[in-house]
Amino acid sequence: MSFTGAGKTFGAVRAVDGVDLEISRGETVALLGRNGAGKSTAISLLLGLNEPDEGVVRLFGAAPEESVRAGRVGAMLQDSRPVPRVTVGELVGFVAGTYPAPMPVAEALELAGIAELAGRRVDRLSGGQTQRVRFAVALVGNPSLIVLDEPTAALDVEARYAFWDSMRAYARRGHTVLFSTHYLEEADANADRIVVIDHGRIVADGSGEQLKRAAGGSLVAFDLAGTGTDGLARLPGVVSVEVRGDRARLRTDDSDATVIALAERGAIRGLEVAPASLDDAFLALTSSDAPSRTFLETV
Amino acid sequence: MLDYLRLEVRRTLRDTGFMIGGVVMPVVMYLLFTNLDGGADSDWKTASMIGMAAYGAMGSALNTGGGVAEDRTIGWLRQLRITPMSPRQVVAGRALTGAVTVLPAIVAVLAAGGLVNGVRLDAWKWAVIALLLWLGSIPFTLLGLGNGYRLTAQATGVVNMVCNLTLAVVGGLWFPLTLFPSWLESLSAYTPTNRFAQLGTAVADGHAPTLAAVLVLTGWLLAFGSYAVVSYRRTARTV
């Protein structure tokens with residue numbers, strides 16, 4: 001699938017702003033961003049639910065509607081609940097029937113971990129079970145691409161782990177999976193590749209490791225204790241400086257050089273060196289003065 | 001698409017609210033209204049049977065729109081759009097669902113007339129009345145769809161109910177028109193419900209429906225049909 005300069009505006013909001021993205025077969029990709037970053041809009045463009053105002057979106061080399069019509073896509077949309085007054089088996093069986101080459105319903109329920117719920121009414125399930133029914137609906141057509149829009153929102157920790165186990169089992173069969181999330185750990189743990197989206201733009205694209213490096217490899221923190229902040233930004237390796245109360249936090253891509261330079265200034269009280277977490281990376285990437293895309297492409 | 005029809009019909013028939021409001025209520029009202037106060041004469045038993053069957057059919061037809069509004073709210077229409085089913089199949093499946101789900105009300109009230117109230121008609125009359133009531137319910141399905149595609153699930157429920165009650169009373173489905181003041185009686189001739197019931201009462205009296213009845217109903221069919229199309233187009237962009 002590919003986005004080429006795709007953009008979509010709702011009123012005054014530029015929901016997707018010139019996105020270029022390509023995903024190959026068999027990849028598991030996380031679309032990571034805050035609420036309102038443009039994840040759902042990007043997904044609706046990909047599925048043909050909305051048309052881009054400019055640019056082109058292609059799915060398996062065709063217009064999204066065509067690939068959807070051909071049964072090559074399955075999806076779990078955000079905020080959609082399964083229809084009431086049918087059983088799990090009836091619902092999943094019906095969706096299977098709309099696809100040209102579905103997997104057996106029992107197999108889909110097994111993969112989604114709800115084999116024992118086949119006879120239960122969809123509107124009488126717990127939140128976690130409902131989510132798995134929606135997952136079964138997305139995968140029963142045996143589509144080449146499965147798109148999951150915030151699949152674990154509102155799930156408790158246990159249900160979330162169980163869900164990701166199911167998702168990975170499906171991805172291992174060689175299917176392409178694209179999911180959106182605002183949980184960093186989920187993106188890191190379950191995707192080969194993380195695409196960070198913010199204000200409708202892609203601000204980073206790579207593995208979790210690459211993202212951490214892109215945001216500045218380590219964090220060096222110390223107490224200022226009256227030494228002042230002049231020149232900190234010019235110390236070797238330092239990428240950014242942040243002062244909270246009396247404590248300075250330096251993001252650096254060469255922590256050794258930074259620490260030596262600090263030692264020469266005598267600014268080592270309460271010195272702490274930590275590898276940047278994904279959270280730090282995410283915050284650095286999506287802050288208002290976030291580095292531009294071109295900067296990250298050199299990473 | 002037949003699978004879709006089966007799924008939606010199943011969902012509708014499992015809806016207790018639908019079964020009570022659309023099937024049980026018209027039957028109970030019919031039996032009550034025709035057997036109070038020593039019981040109605042056989043003419044009114046027949047006419048009221050057709051009126052109440054029309055009322056039940058209208059309620060069920062409008063309910064199709066309620067179903068659409070519910071589907072929109074929970075995202076089911078969006079989910080259907082990413083299955084290989086085409087939008088045309090989805091809309092056609094919904095309309096057919098409406099056509100199937102008006103049948104229980106018609107059959108139940110006619111059965112109550114024949115079995116409980118002793119209404120006697122030729123076999124062909126029963127068949128033609130059922131068929132005409134079935135066809136005549138199409139404008140109301142379109143009205144319901146127009147509401148369902150335009151309004152929220154809650155608003156659709158309220159608007160459908162108001163349409164249902166107003167059209168039923170003014171159209172003379174509950175009480176004979178002769179009880180109405182004359183201005184209301186003449187207004188009633190322009191309502192879709194009055195003409196809808198006339199399709200059946202004409203046959204019961206042994207003649208074909210009047211041209212006026214067919215024309216008025218066709219007018220409403222076009223009006224409600226356009227309303228449904230406009231509403232659908234408006235939502236199609238956001239569903």
# chains A, B, ... in the order shown; residues from 1 in each chain; ligands from 1
$ interface_residues --of "chain B" --to "chain A" --cutoff "7 Å" --atoms "only C-alpha atoms" --output "mmCIF file with N, CA and C atoms, in the first residue's frame"
data_model
loop_
_atom_site.group_PDB
_atom_site.id
_atom_site.type_symbol
_atom_site.label_atom_id
_atom_site.label_comp_id
_atom_site.auth_asym_id
_atom_site.auth_seq_id
_atom_site.Cartn_x
_atom_site.Cartn_y
_atom_site.Cartn_z
ATOM 1 N N ASP B 3 -27.659 -13.410 2.346
ATOM 2 C CA ASP B 3 -27.139 -13.627 3.693
ATOM 3 C C ASP B 3 -27.362 -12.380 4.548
ATOM 4 N N ARG B 11 -32.229 -10.200 13.065
ATOM 5 C CA ARG B 11 -32.029 -9.166 14.078
ATOM 6 C C ARG B 11 -33.340 -8.467 14.404
ATOM 7 N N ARG B 14 -35.760 -10.574 16.439
ATOM 8 C CA ARG B 14 -35.330 -10.793 17.816
ATOM 9 C C ARG B 14 -35.476 -9.534 18.660
ATOM 10 N N ILE B 74 -23.742 2.700 15.700
ATOM 11 C CA ILE B 74 -22.732 1.774 16.220
ATOM 12 C C ILE B 74 -21.634 1.465 15.206
ATOM 13 N N GLY B 75 -21.688 2.120 14.039
ATOM 14 C CA GLY B 75 -20.594 1.933 13.077
ATOM 15 C C GLY B 75 -20.737 0.698 12.212
ATOM 16 N N TRP B 76 -21.891 0.057 12.258
ATOM 17 C CA TRP B 76 -22.088 -1.162 11.467
ATOM 18 C C TRP B 76 -22.102 -0.854 9.974
ATOM 19 N N ILE B 82 -16.393 -1.829 4.439
ATOM 20 C CA ILE B 82 -15.077 -2.413 4.187
ATOM 21 C C ILE B 82 -15.147 -3.921 4.006
ATOM 22 N N THR B 83 -16.358 -4.454 3.830
ATOM 23 C CA THR B 83 -16.484 -5.828 3.346
ATOM 24 C C THR B 83 -16.630 -5.727 1.828
ATOM 25 N N PRO B 84 -16.478 -6.846 1.123
ATOM 26 C CA PRO B 84 -16.610 -6.772 -0.337
ATOM 27 C C PRO B 84 -18.017 -6.438 -0.826
ATOM 28 N N MET B 85 -19.024 -6.345 0.056
ATOM 29 C CA MET B 85 -20.370 -5.971 -0.402
ATOM 30 C C MET B 85 -20.361 -4.552 -0.946
#
$ residues_around --residues "Met49 in chain B" --least-positions-apart "5" --cutoff "7 Å" --atoms "only C-alpha atoms" --output "number ranges by chain"
B: 30, 109-110, 113
$ write_last_selection --atoms "C-alpha atoms" --output "PDB file, in the first residue's frame"
ATOM      1  CA  TYR B  30     -57.844  -4.419  16.890  1.00  0.00           C
ATOM      2  CA  VAL B 109     -53.903  -8.837  12.261  1.00  0.00           C
ATOM      3  CA  LEU B 110     -55.604 -10.545   9.313  1.00  0.00           C
ATOM      4  CA  GLY B 113     -59.773 -10.964  12.050  1.00  0.00           C
TER       5      GLY B 113
END
$ residues_around --residues "Ala213 in chain B" --least-positions-apart "3" --cutoff "10 Å" --atoms "only C-alpha atoms" --output "ChimeraX atom specification"
/B:189-192,194-199,202,209-210,216-219
$ select_by_dssp --residues "range 54-203 of chain A" --states "strand (DSSP E)" --output "list in words"
Glu54, Gly55, Val56, Val57, Arg58, Val73, Gly74, Ala75, Met76, Leu145, Ile146, Val147, Leu148, Asp149, Thr176, Val177, Leu178, Phe179, Ser180, Thr181, Arg193, Ile194, Val195, Val196, Ile197, Asp198, Arg201, Ile202 and Val203 of chain A
$ write_last_selection --atoms "N, CA and C atoms" --output "short mmCIF file (atom, residue, chain, number, x, y, z; two decimals), in the first residue's frame"
data_model
loop_
_atom_site.label_atom_id
_atom_site.label_comp_id
_atom_site.auth_asym_id
_atom_site.auth_seq_id
_atom_site.Cartn_x
_atom_site.Cartn_y
_atom_site.Cartn_z
N GLU A 54 -6.07 15.79 -1.82
CA GLU A 54 -5.00 15.80 -2.82
C GLU A 54 -4.13 14.57 -2.60
N GLY A 55 -3.30 14.28 -3.60
CA GLY A 55 -2.44 13.11 -3.49
C GLY A 55 -3.19 11.85 -3.85
N VAL A 56 -2.48 10.73 -3.75
CA VAL A 56 -3.03 9.45 -4.20
C VAL A 56 -2.82 8.39 -3.12
N VAL A 57 -3.81 7.58 -2.89
CA VAL A 57 -3.68 6.44 -1.99
C VAL A 57 -3.94 5.19 -2.81
N ARG A 58 -3.01 4.24 -2.77
CA ARG A 58 -3.17 2.99 -3.51
C ARG A 58 -3.09 1.82 -2.55
N VAL A 73 -8.92 -6.84 2.05
CA VAL A 73 -8.73 -6.03 3.24
C VAL A 73 -9.74 -6.42 4.32
N GLY A 74 -9.27 -6.48 5.54
CA GLY A 74 -10.17 -6.64 6.67
C GLY A 74 -9.83 -5.55 7.66
N ALA A 75 -10.82 -5.07 8.41
CA ALA A 75 -10.48 -3.97 9.31
C ALA A 75 -11.33 -4.00 10.58
N MET A 76 -10.73 -3.44 11.59
CA MET A 76 -11.39 -3.25 12.86
C MET A 76 -11.39 -1.74 13.06
N LEU A 145 -4.39 -7.89 3.86
CA LEU A 145 -4.05 -6.78 4.77
C LEU A 145 -5.14 -6.65 5.83
N ILE A 146 -4.69 -6.50 7.07
CA ILE A 146 -5.67 -6.27 8.13
C ILE A 146 -5.30 -4.96 8.81
N VAL A 147 -6.31 -4.12 8.99
CA VAL A 147 -6.08 -2.79 9.54
C VAL A 147 -6.83 -2.68 10.86
N LEU A 148 -6.12 -2.32 11.93
CA LEU A 148 -6.74 -2.27 13.25
C LEU A 148 -6.58 -0.86 13.80
N ASP A 149 -7.69 -0.16 13.97
CA ASP A 149 -7.62 1.22 14.46
C ASP A 149 -7.81 1.23 15.97
N THR A 176 -0.11 -8.89 6.11
CA THR A 176 0.33 -7.54 6.44
C THR A 176 -0.62 -6.98 7.50
N VAL A 177 -0.05 -6.39 8.52
CA VAL A 177 -0.88 -5.82 9.58
C VAL A 177 -0.50 -4.37 9.79
N LEU A 178 -1.51 -3.51 9.82
CA LEU A 178 -1.28 -2.10 10.15
C LEU A 178 -2.19 -1.78 11.33
N PHE A 179 -1.60 -1.35 12.44
CA PHE A 179 -2.47 -0.98 13.56
C PHE A 179 -2.09 0.40 14.07
N SER A 180 -3.06 1.09 14.61
CA SER A 180 -2.77 2.41 15.18
C SER A 180 -2.90 2.30 16.69
N THR A 181 -2.14 3.11 17.38
CA THR A 181 -2.17 3.07 18.84
C THR A 181 -1.59 4.36 19.37
N ARG A 193 7.88 -2.14 12.62
CA ARG A 193 8.18 -0.80 12.16
C ARG A 193 7.16 0.15 12.79
N ILE A 194 7.65 1.30 13.21
CA ILE A 194 6.76 2.28 13.83
C ILE A 194 6.76 3.56 13.00
N VAL A 195 5.58 4.00 12.64
CA VAL A 195 5.44 5.25 11.90
C VAL A 195 4.79 6.24 12.86
N VAL A 196 5.51 7.31 13.19
CA VAL A 196 4.97 8.28 14.14
C VAL A 196 4.31 9.41 13.36
N ILE A 197 3.06 9.68 13.72
CA ILE A 197 2.32 10.71 13.00
C ILE A 197 1.92 11.79 14.00
N ASP A 198 2.05 13.04 13.58
CA ASP A 198 1.70 14.15 14.46
C ASP A 198 1.22 15.32 13.60
N ARG A 201 1.17 14.81 9.96
CA ARG A 201 2.40 14.56 9.20
C ARG A 201 3.15 13.39 9.79
N ILE A 202 3.92 12.71 8.96
CA ILE A 202 4.76 11.64 9.48
C ILE A 202 6.04 12.28 9.99
N VAL A 203 6.32 12.12 11.29
CA VAL A 203 7.50 12.76 11.85
C VAL A 203 8.63 11.75 12.08
#
$ atom_distance --atom1 "CA of Leu187 in chain B" --atom2 "CA of Gly172 in chain B"
10.7 Å
$ closest_residue --among "A:Leu31, A:Ala225, A:Ala274, A:Ala169" --to "Asp254 in chain A" --atoms "only C-alpha atoms"
A:Ala274
$ residues_around --residues "Ala92 in chain B" --least-positions-apart "2" --cutoff "12 Å" --atoms "only C-alpha atoms" --output "VMD selection string"
chain B and resid 1 to 2 4 to 5 8 85 to 90 94 to 99 142 145
$ atom_distance --atom1 "CA of Ala42 in chain A" --atom2 "CA of Ser166 in chain A"
24.3 Å
$ residues_around --residues "Thr201 in chain B" --least-positions-apart "6" --cutoff "10 Å" --atoms "only C-alpha atoms" --output "list in words"
Asp43, Thr46, Ala47, Ser48, Met49, Ile50, Gly51, Ile129, Arg195, His207, Ala208 and Pro209 of chain B
$ write_last_selection --atoms "C-alpha atoms" --output "CSV table (one decimal), in the first residue's frame"
chain,number,residue,atom,x,y,z
B,43,ASP,CA,-68.5,-4.2,8.4
B,46,THR,CA,-63.5,-6.0,8.5
B,47,ALA,CA,-62.6,-2.3,7.9
B,48,SER,CA,-60.9,-2.1,11.3
B,49,MET,CA,-59.0,-5.3,10.6
B,50,ILE,CA,-57.6,-3.7,7.4
B,51,GLY,CA,-56.9,-0.4,9.2
B,129,ILE,CA,-55.7,-7.6,0.6
B,195,ARG,CA,-55.4,5.7,0.9
B,207,HIS,CA,-64.1,-3.7,-6.3
B,208,ALA,CA,-60.7,-2.4,-7.4
B,209,PRO,CA,-59.0,0.4,-5.5
$ select_by_dssp --residues "range 95-187 of chain A" --states "helix (DSSP H, G or I)" --output "PyMOL selection string"
chain A and resi 95-98+105-111+115-117+122-124+127-139+157-171+184-187
$ write_last_selection --atoms "N, CA and C atoms" --output "CSV table (one decimal), in the first residue's frame"
chain,number,residue,atom,x,y,z
A,95,VAL,N,-20.1,-12.3,7.8
A,95,VAL,CA,-19.0,-11.5,7.2
A,95,VAL,C,-18.1,-12.4,6.3
A,96,ALA,N,-17.9,-13.7,6.8
A,96,ALA,CA,-17.1,-14.6,6.0
A,96,ALA,C,-17.7,-14.8,4.6
A,97,GLY,N,-19.0,-14.9,4.6
A,97,GLY,CA,-19.8,-15.1,3.3
A,97,GLY,C,-19.6,-14.0,2.3
A,98,THR,N,-19.2,-12.8,2.7
A,98,THR,CA,-19.1,-11.7,1.8
A,98,THR,C,-17.7,-11.7,1.1
A,105,VAL,N,-15.1,-20.4,9.7
A,105,VAL,CA,-15.5,-19.6,10.8
A,105,VAL,C,-14.9,-20.1,12.1
A,106,ALA,N,-14.8,-21.4,12.3
A,106,ALA,CA,-14.3,-21.9,13.5
A,106,ALA,C,-12.8,-21.5,13.7
A,107,GLU,N,-12.1,-21.5,12.6
A,107,GLU,CA,-10.7,-21.1,12.6
A,107,GLU,C,-10.5,-19.7,13.0
A,108,ALA,N,-11.4,-18.8,12.5
A,108,ALA,CA,-11.3,-17.4,12.8
A,108,ALA,C,-11.5,-17.2,14.3
A,109,LEU,N,-12.6,-17.9,14.8
A,109,LEU,CA,-12.9,-17.8,16.2
A,109,LEU,C,-11.7,-18.3,17.1
A,110,GLU,N,-11.1,-19.4,16.6
A,110,GLU,CA,-10.0,-19.9,17.3
A,110,GLU,C,-8.8,-18.9,17.4
A,111,LEU,N,-8.5,-18.3,16.2
A,111,LEU,CA,-7.4,-17.3,16.2
A,111,LEU,C,-7.7,-16.1,17.1
A,115,ALA,N,-13.4,-19.2,20.5
A,115,ALA,CA,-14.1,-20.4,20.0
A,115,ALA,C,-15.3,-20.8,20.9
A,116,GLU,N,-15.2,-20.6,22.2
A,116,GLU,CA,-16.2,-21.0,23.0
A,116,GLU,C,-17.4,-20.1,23.1
A,117,LEU,N,-17.3,-18.9,22.4
A,117,LEU,CA,-18.4,-17.9,22.4
A,117,LEU,C,-19.3,-18.0,21.2
A,122,VAL,N,-23.9,-11.4,20.7
A,122,VAL,CA,-22.8,-10.4,20.6
A,122,VAL,C,-23.0,-9.2,21.6
A,123,ASP,N,-24.3,-8.9,21.9
A,123,ASP,CA,-24.5,-7.8,22.8
A,123,ASP,C,-24.5,-8.2,24.2
A,124,ARG,N,-24.1,-9.4,24.5
A,124,ARG,CA,-24.1,-9.8,25.9
A,124,ARG,C,-22.7,-10.3,26.3
A,127,GLY,N,-16.3,-6.3,27.4
A,127,GLY,CA,-15.5,-5.4,26.5
A,127,GLY,C,-14.4,-6.1,25.8
A,128,GLY,N,-13.7,-7.0,26.5
A,128,GLY,CA,-12.6,-7.7,25.9
A,128,GLY,C,-13.1,-8.7,24.9
A,129,GLN,N,-14.1,-9.4,25.2
A,129,GLN,CA,-14.7,-10.4,24.3
A,129,GLN,C,-15.2,-9.7,23.1
A,130,THR,N,-15.9,-8.5,23.2
A,130,THR,CA,-16.4,-7.8,22.1
A,130,THR,C,-15.3,-7.4,21.1
A,131,GLN,N,-14.2,-7.0,21.7
A,131,GLN,CA,-13.1,-6.6,20.9
A,131,GLN,C,-12.6,-7.7,20.1
A,132,ARG,N,-12.6,-8.9,20.7
A,132,ARG,CA,-12.1,-10.1,20.0
A,132,ARG,C,-13.1,-10.5,18.9
A,133,VAL,N,-14.3,-10.3,19.1
A,133,VAL,CA,-15.3,-10.6,18.1
A,133,VAL,C,-15.0,-9.7,16.9
A,134,ARG,N,-14.7,-8.4,17.2
A,134,ARG,CA,-14.4,-7.5,16.1
A,134,ARG,C,-13.2,-7.9,15.3
A,135,PHE,N,-12.2,-8.4,16.1
A,135,PHE,CA,-11.0,-8.9,15.5
A,135,PHE,C,-11.3,-10.1,14.6
A,136,ALA,N,-12.2,-11.0,15.0
A,136,ALA,CA,-12.6,-12.2,14.2
A,136,ALA,C,-13.3,-11.7,13.0
A,137,VAL,N,-14.1,-10.6,13.1
A,137,VAL,CA,-14.8,-10.1,11.9
A,137,VAL,C,-13.8,-9.6,10.9
A,138,ALA,N,-12.7,-8.9,11.4
A,138,ALA,CA,-11.7,-8.4,10.5
A,138,ALA,C,-10.9,-9.5,9.8
A,139,LEU,N,-10.6,-10.6,10.5
A,139,LEU,CA,-9.7,-11.6,9.9
A,139,LEU,C,-10.4,-12.7,9.2
A,157,VAL,N,-5.4,-4.7,31.1
A,157,VAL,CA,-4.0,-5.2,30.8
A,157,VAL,C,-4.1,-6.6,30.3
A,158,GLU,N,-4.8,-7.4,31.0
A,158,GLU,CA,-4.8,-8.9,30.6
A,158,GLU,C,-5.4,-9.1,29.2
A,159,ALA,N,-6.6,-8.4,29.0
A,159,ALA,CA,-7.2,-8.5,27.7
A,159,ALA,C,-6.3,-8.0,26.6
A,160,ARG,N,-5.5,-7.0,26.9
A,160,ARG,CA,-4.7,-6.4,26.0
A,160,ARG,C,-3.6,-7.4,25.5
A,161,TYR,N,-3.0,-8.1,26.5
A,161,TYR,CA,-1.9,-9.1,26.2
A,161,TYR,C,-2.5,-10.2,25.4
A,162,ALA,N,-3.7,-10.7,25.8
A,162,ALA,CA,-4.3,-11.7,25.0
A,162,ALA,C,-4.6,-11.3,23.6
A,163,PHE,N,-5.0,-10.1,23.4
A,163,PHE,CA,-5.3,-9.6,22.1
A,163,PHE,C,-4.1,-9.6,21.2
A,164,TRP,N,-3.0,-9.1,21.8
A,164,TRP,CA,-1.7,-9.0,21.0
A,164,TRP,C,-1.2,-10.3,20.6
A,165,ASP,N,-1.4,-11.3,21.5
A,165,ASP,CA,-1.0,-12.7,21.2
A,165,ASP,C,-1.7,-13.2,19.9
A,166,SER,N,-3.0,-12.9,19.9
A,166,SER,CA,-3.8,-13.3,18.7
A,166,SER,C,-3.4,-12.6,17.5
A,167,MET,N,-3.1,-11.3,17.6
A,167,MET,CA,-2.7,-10.5,16.5
A,167,MET,C,-1.3,-11.0,15.9
A,168,ARG,N,-0.4,-11.3,16.8
A,168,ARG,CA,0.9,-11.8,16.3
A,168,ARG,C,0.8,-13.2,15.7
A,169,ALA,N,-0.1,-14.0,16.2
A,169,ALA,CA,-0.4,-15.3,15.6
A,169,ALA,C,-0.8,-15.1,14.1
A,170,TYR,N,-1.7,-14.1,13.9
A,170,TYR,CA,-2.2,-13.8,12.6
A,170,TYR,C,-1.1,-13.3,11.7
A,171,ALA,N,-0.3,-12.4,12.2
A,171,ALA,CA,0.8,-11.8,11.4
A,171,ALA,C,1.8,-12.8,11.0
A,184,LEU,N,3.0,3.6,23.4
A,184,LEU,CA,4.3,3.3,22.8
A,184,LEU,C,4.8,1.9,23.0
A,185,GLU,N,4.5,1.4,24.2
A,185,GLU,CA,5.0,0.0,24.5
A,185,GLU,C,4.4,-1.0,23.5
A,186,GLU,N,3.1,-0.8,23.2
A,186,GLU,CA,2.4,-1.7,22.3
A,186,GLU,C,3.0,-1.6,20.9
A,187,ALA,N,3.3,-0.4,20.4
A,187,ALA,CA,3.9,-0.3,19.1
A,187,ALA,C,5.3,-1.0,19.1
$ atom_distance --atom1 "CA of Ser207 in chain A" --atom2 "CA of Glu27 in chain A"
11.8 Å
$ residues_around --residues "Ser231 in chain B" --least-positions-apart "3" --cutoff "10 Å" --atoms "only C-alpha atoms" --output "mmCIF file with N, CA and C atoms, in the first residue's frame"
data_model
loop_
_atom_site.group_PDB
_atom_site.id
_atom_site.type_symbol
_atom_site.label_atom_id
_atom_site.label_comp_id
_atom_site.auth_asym_id
_atom_site.auth_seq_id
_atom_site.Cartn_x
_atom_site.Cartn_y
_atom_site.Cartn_z
ATOM 1 N N LEU B 145 -36.651 5.176 6.238
ATOM 2 C CA LEU B 145 -35.248 5.215 5.811
ATOM 3 C C LEU B 145 -34.756 6.659 5.743
ATOM 4 N N GLY B 146 -35.631 7.551 5.235
ATOM 5 C CA GLY B 146 -35.265 8.963 5.170
ATOM 6 C C GLY B 146 -34.914 9.499 6.550
ATOM 7 N N ASN B 147 -35.742 9.142 7.551
ATOM 8 C CA ASN B 147 -35.456 9.567 8.919
ATOM 9 C C ASN B 147 -34.182 8.906 9.432
ATOM 10 N N GLY B 148 -34.058 7.604 9.174
ATOM 11 C CA GLY B 148 -32.943 6.841 9.722
ATOM 12 C C GLY B 148 -31.589 7.277 9.176
ATOM 13 N N TYR B 149 -31.555 7.686 7.911
ATOM 14 C CA TYR B 149 -30.284 8.103 7.337
ATOM 15 C C TYR B 149 -29.919 9.526 7.744
ATOM 16 N N ARG B 150 -30.929 10.292 8.198
ATOM 17 C CA ARG B 150 -30.689 11.700 8.473
ATOM 18 C C ARG B 150 -30.474 11.970 9.961
ATOM 19 N N LEU B 151 -31.236 11.264 10.800
ATOM 20 C CA LEU B 151 -31.274 11.606 12.222
ATOM 21 C C LEU B 151 -30.486 10.611 13.073
ATOM 22 N N GLY B 225 -39.749 8.754 -1.259
ATOM 23 C CA GLY B 225 -38.595 8.186 -1.948
ATOM 24 C C GLY B 225 -37.497 9.234 -2.130
ATOM 25 N N SER B 226 -37.887 10.434 -2.555
ATOM 26 C CA SER B 226 -36.899 11.503 -2.736
ATOM 27 C C SER B 226 -36.264 11.866 -1.402
ATOM 28 N N TYR B 227 -37.109 11.918 -0.364
ATOM 29 C CA TYR B 227 -36.618 12.228 0.976
ATOM 30 C C TYR B 227 -35.555 11.210 1.394
ATOM 31 N N ALA B 228 -35.835 9.927 1.130
ATOM 32 C CA ALA B 228 -34.886 8.875 1.509
ATOM 33 C C ALA B 228 -33.583 9.024 0.735
ATOM 34 N N ARG B 234 -26.806 12.541 1.901
ATOM 35 C CA ARG B 234 -26.212 13.409 2.906
ATOM 36 C C ARG B 234 -25.317 12.630 3.859
ATOM 37 N N THR B 235 -25.780 11.436 4.244
ATOM 38 C CA THR B 235 -24.981 10.649 5.182
ATOM 39 C C THR B 235 -23.869 9.894 4.497
ATOM 40 N N ALA B 236 -24.071 9.532 3.239
ATOM 41 C CA ALA B 236 -23.089 8.678 2.567
ATOM 42 C C ALA B 236 -21.698 9.263 2.717
#
$ residues_around --residues "Leu143 in chain B" --least-positions-apart "5" --cutoff "12 Å" --atoms "only C-alpha atoms" --output "count of residues only"
37
$ closest_residue --among "B:Val107, B:Leu36, B:Thr141, B:Met29" --to "Leu173 in chain B" --atoms "only C-alpha atoms"
B:Met29
$ closest_residue --among "A:Gly7, A:Gly119, A:Gly89, A:Gly174" --to "Pro143 in chain A" --atoms "only C-alpha atoms"
A:Gly174
$ decode --residues "range 107-137 of chain B" --atoms "C-alpha atoms" --output "PDB file, in the first residue's frame"
ATOM      1  CA  VAL B 107     -50.489 -11.650   8.718  1.00  0.00           C
ATOM      2  CA  ALA B 108     -51.088 -11.415  12.485  1.00  0.00           C
ATOM      3  CA  VAL B 109     -53.903  -8.837  12.261  1.00  0.00           C
ATOM      4  CA  LEU B 110     -55.604 -10.545   9.313  1.00  0.00           C
ATOM      5  CA  ALA B 111     -55.382 -13.852  11.202  1.00  0.00           C
ATOM      6  CA  ALA B 112     -56.964 -12.243  14.275  1.00  0.00           C
ATOM      7  CA  GLY B 113     -59.773 -10.964  12.050  1.00  0.00           C
ATOM      8  CA  GLY B 114     -60.441 -14.303  10.438  1.00  0.00           C
ATOM      9  CA  LEU B 115     -59.898 -16.575  13.417  1.00  0.00           C
ATOM     10  CA  VAL B 116     -61.093 -14.512  16.394  1.00  0.00           C
ATOM     11  CA  ASN B 117     -63.500 -11.921  14.995  1.00  0.00           C
ATOM     12  CA  GLY B 118     -65.048 -14.225  12.401  1.00  0.00           C
ATOM     13  CA  VAL B 119     -64.423 -12.003   9.393  1.00  0.00           C
ATOM     14  CA  ARG B 120     -65.451 -13.975   6.324  1.00  0.00           C
ATOM     15  CA  LEU B 121     -64.000 -13.134   2.905  1.00  0.00           C
ATOM     16  CA  ASP B 122     -63.323 -15.073  -0.286  1.00  0.00           C
ATOM     17  CA  ALA B 123     -59.930 -16.689  -0.363  1.00  0.00           C
ATOM     18  CA  TRP B 124     -58.771 -14.491  -3.259  1.00  0.00           C
ATOM     19  CA  LYS B 125     -59.782 -11.374  -1.304  1.00  0.00           C
ATOM     20  CA  TRP B 126     -57.610 -12.371   1.657  1.00  0.00           C
ATOM     21  CA  ALA B 127     -54.696 -12.915  -0.702  1.00  0.00           C
ATOM     22  CA  VAL B 128     -55.143  -9.652  -2.614  1.00  0.00           C
ATOM     23  CA  ILE B 129     -55.661  -7.613   0.576  1.00  0.00           C
ATOM     24  CA  ALA B 130     -52.447  -9.033   2.073  1.00  0.00           C
ATOM     25  CA  LEU B 131     -50.570  -8.347  -1.146  1.00  0.00           C
ATOM     26  CA  LEU B 132     -51.840  -4.757  -1.475  1.00  0.00           C
ATOM     27  CA  LEU B 133     -51.080  -3.981   2.164  1.00  0.00           C
ATOM     28  CA  TRP B 134     -47.613  -5.366   1.612  1.00  0.00           C
ATOM     29  CA  LEU B 135     -46.967  -3.261  -1.513  1.00  0.00           C
ATOM     30  CA  GLY B 136     -48.668  -0.223  -0.026  1.00  0.00           C
ATOM     31  CA  SER B 137     -46.226  -0.210   2.891  1.00  0.00           C
TER      32      SER B 137
END
